[in-house]
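Here the structure is laid out as structure tokens; the discussion comes afterwards.
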Amino acid sequence: MAGQCNYILTKNESERKMERFEIENSREFKAAQELERALNDYGWNEKRFALATTTFHQTLQQTLFRTIVEILKVYADPQRRTDLRNEASKEGAKKLMEVLEELHIPFI
């Protein structure tokens, strides 16, 4: 299901509901929704987006990179459910995490 979060099995129902509530009421969730809307367009150009991010302040480029690494960690999680539409993303994230786990990205 689109937009559905998957949770670690050890969390009880009320913990999962609270976590979901906190996520959905965060500014990060709202930013992710805006990105989702932009991505959901056949005219989306990954290369143009990547080049546009190079206009960010250097500190924000570093923050974006840390964010991308966190996205890859979530995508690589073995408990994350996938289907044929996003299985390649999960497998690719797992391979990338083999290298990225050793990388320290400071906040400067």
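Labels for the structure tokens follow display order: chains A, B, ..., residues from 1 in each chain, ligands from 1.
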> What are the DSSP alpha helix (DSSP H) residues of stretch 61-90 of chain A, as a list in words?
Replying inline: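 Matching residues for alpha helix (DSSP H) in stretch 61-90 of chain A are Gln61, Gln62, Thr63, Leu64, Phe65, Arg66, Thr67, Ile68, Val69, Glu70, Ile71, Leu72, Lys73, Val74, Tyr75, Ala76, Glu87, Ala88, Ser89 and Lys90 of chain A.
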Residues from the last selection, C-alpha atoms, saved as a CSV table (one decimal), in the first residue's frame:
chain,number,residue,atom,x,y,z
A,61,GLN,CA,24.5,19.6,0.3
A,62,GLN,CA,26.1,17.7,3.2
A,63,THR,CA,22.8,17.5,5.0
A,64,LEU,CA,21.1,16.2,1.8
A,65,PHE,CA,23.8,13.6,1.4
A,66,ARG,CA,23.3,12.4,5.0
A,67,THR,CA,19.5,12.3,4.3
A,68,ILE,CA,20.1,10.2,1.2
A,69,VAL,CA,22.3,7.8,3.2
A,70,GLU,CA,19.5,7.5,5.8
A,71,ILE,CA,17.0,6.8,3.0
A,72,LEU,CA,19.3,4.0,1.7
A,73,LYS,CA,19.5,2.5,5.3
A,74,VAL,CA,15.7,2.4,5.5
A,75,TYR,CA,15.4,0.9,2.0
A,76,ALA,CA,18.0,-1.7,2.8
A,87,GLU,CA,12.8,-4.9,-5.0
A,88,ALA,CA,15.7,-3.6,-7.1
A,89,SER,CA,15.8,-0.4,-4.9
A,90,LYS,CA,16.1,-2.6,-1.8
>> Residues within 12 Å of stretch 27-40 of chain A, please, as a ChimeraX atom specification. Count only C-alpha atoms; anything in the same chain fewer than 3 positions from it doesn't count.
In response: /A:2-3,5,20-24,43-46,49,67,71
Please, could you write that set of residues out with N, CA and C atoms as a PDB file, in the first residue's frame?
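Below you can see out36.pdb, which holds the result:
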ATOM      1  N   ALA A   2       0.550   2.203  -0.814  1.00  0.00           N
ATOM      2  CA  ALA A   2       1.322   3.443  -0.893  1.00  0.00           C
ATOM      3  C   ALA A   2       1.235   4.195   0.419  1.00  0.00           C
ATOM      4  N   GLY A   3       2.375   4.704   0.887  1.00  0.00           N
ATOM      5  CA  GLY A   3       2.396   5.504   2.094  1.00  0.00           C
ATOM      6  C   GLY A   3       2.366   4.717   3.385  1.00  0.00           C
ATOM      7  N   CYS A   5       3.801   2.627   6.383  1.00  0.00           N
ATOM      8  CA  CYS A   5       5.080   2.392   7.032  1.00  0.00           C
ATOM      9  C   CYS A   5       5.103   0.963   7.562  1.00  0.00           C
ATOM     10  N   ARG A  20       3.782   6.411  14.126  1.00  0.00           N
ATOM     11  CA  ARG A  20       3.154   6.826  12.859  1.00  0.00           C
ATOM     12  C   ARG A  20       2.632   8.263  12.969  1.00  0.00           C
ATOM     13  N   PHE A  21       1.992   8.586  14.107  1.00  0.00           N
ATOM     14  CA  PHE A  21       1.468   9.932  14.341  1.00  0.00           C
ATOM     15  C   PHE A  21       2.606  10.952  14.315  1.00  0.00           C
ATOM     16  N   GLU A  22       3.714  10.631  15.003  1.00  0.00           N
ATOM     17  CA  GLU A  22       4.852  11.551  15.054  1.00  0.00           C
ATOM     18  C   GLU A  22       5.465  11.758  13.671  1.00  0.00           C
ATOM     19  N   ILE A  23       5.564  10.684  12.906  1.00  0.00           N
ATOM     20  CA  ILE A  23       6.117  10.803  11.555  1.00  0.00           C
ATOM     21  C   ILE A  23       5.214  11.673  10.691  1.00  0.00           C
ATOM     22  N   GLU A  24       3.912  11.370  10.684  1.00  0.00           N
ATOM     23  CA  GLU A  24       2.983  12.075   9.799  1.00  0.00           C
ATOM     24  C   GLU A  24       2.784  13.539  10.169  1.00  0.00           C
ATOM     25  N   GLY A  43       7.495  13.815 -16.456  1.00  0.00           N
ATOM     26  CA  GLY A  43       8.519  14.766 -16.863  1.00  0.00           C
ATOM     27  C   GLY A  43       9.673  14.885 -15.873  1.00  0.00           C
ATOM     28  N   TRP A  44       9.621  14.128 -14.758  1.00  0.00           N
ATOM     29  CA  TRP A  44      10.676  14.214 -13.740  1.00  0.00           C
ATOM     30  C   TRP A  44      12.004  13.810 -14.355  1.00  0.00           C
ATOM     31  N   ASN A  45      13.035  14.610 -14.087  1.00  0.00           N
ATOM     32  CA  ASN A  45      14.361  14.367 -14.635  1.00  0.00           C
ATOM     33  C   ASN A  45      15.343  14.265 -13.474  1.00  0.00           C
ATOM     34  N   GLU A  46      15.782  13.040 -13.171  1.00  0.00           N
ATOM     35  CA  GLU A  46      16.678  12.795 -12.032  1.00  0.00           C
ATOM     36  C   GLU A  46      17.979  13.584 -12.149  1.00  0.00           C
ATOM     37  N   PHE A  49      17.420  17.269 -11.397  1.00  0.00           N
ATOM     38  CA  PHE A  49      17.239  17.436  -9.953  1.00  0.00           C
ATOM     39  C   PHE A  49      18.594  17.366  -9.247  1.00  0.00           C
ATOM     40  N   THR A  67      20.932  12.703   4.438  1.00  0.00           N
ATOM     41  CA  THR A  67      19.537  12.287   4.278  1.00  0.00           C
ATOM     42  C   THR A  67      19.438  11.138   3.278  1.00  0.00           C
ATOM     43  N   ILE A  71      17.994   7.387   3.863  1.00  0.00           N
ATOM     44  CA  ILE A  71      16.990   6.764   2.991  1.00  0.00           C
ATOM     45  C   ILE A  71      17.474   5.382   2.569  1.00  0.00           C
TER      46      ILE A  71
END
> What is the distance, in Å and to one decimal place, between atom CA of A:Arg80 and atom CA of A:Gly92?
Replying inline: 13.7 Å
> Rounded to one decimal in Å, what is the spacing between atom CA of A:Ile108 and atom CA of A:His57?
Replying inline: 11.5 Å
> Can you tell me how far atom CA of A:Glu15 sits from atom CA of A:Glu91, in Å to one decimal?
Replying inline: 28.7 Å
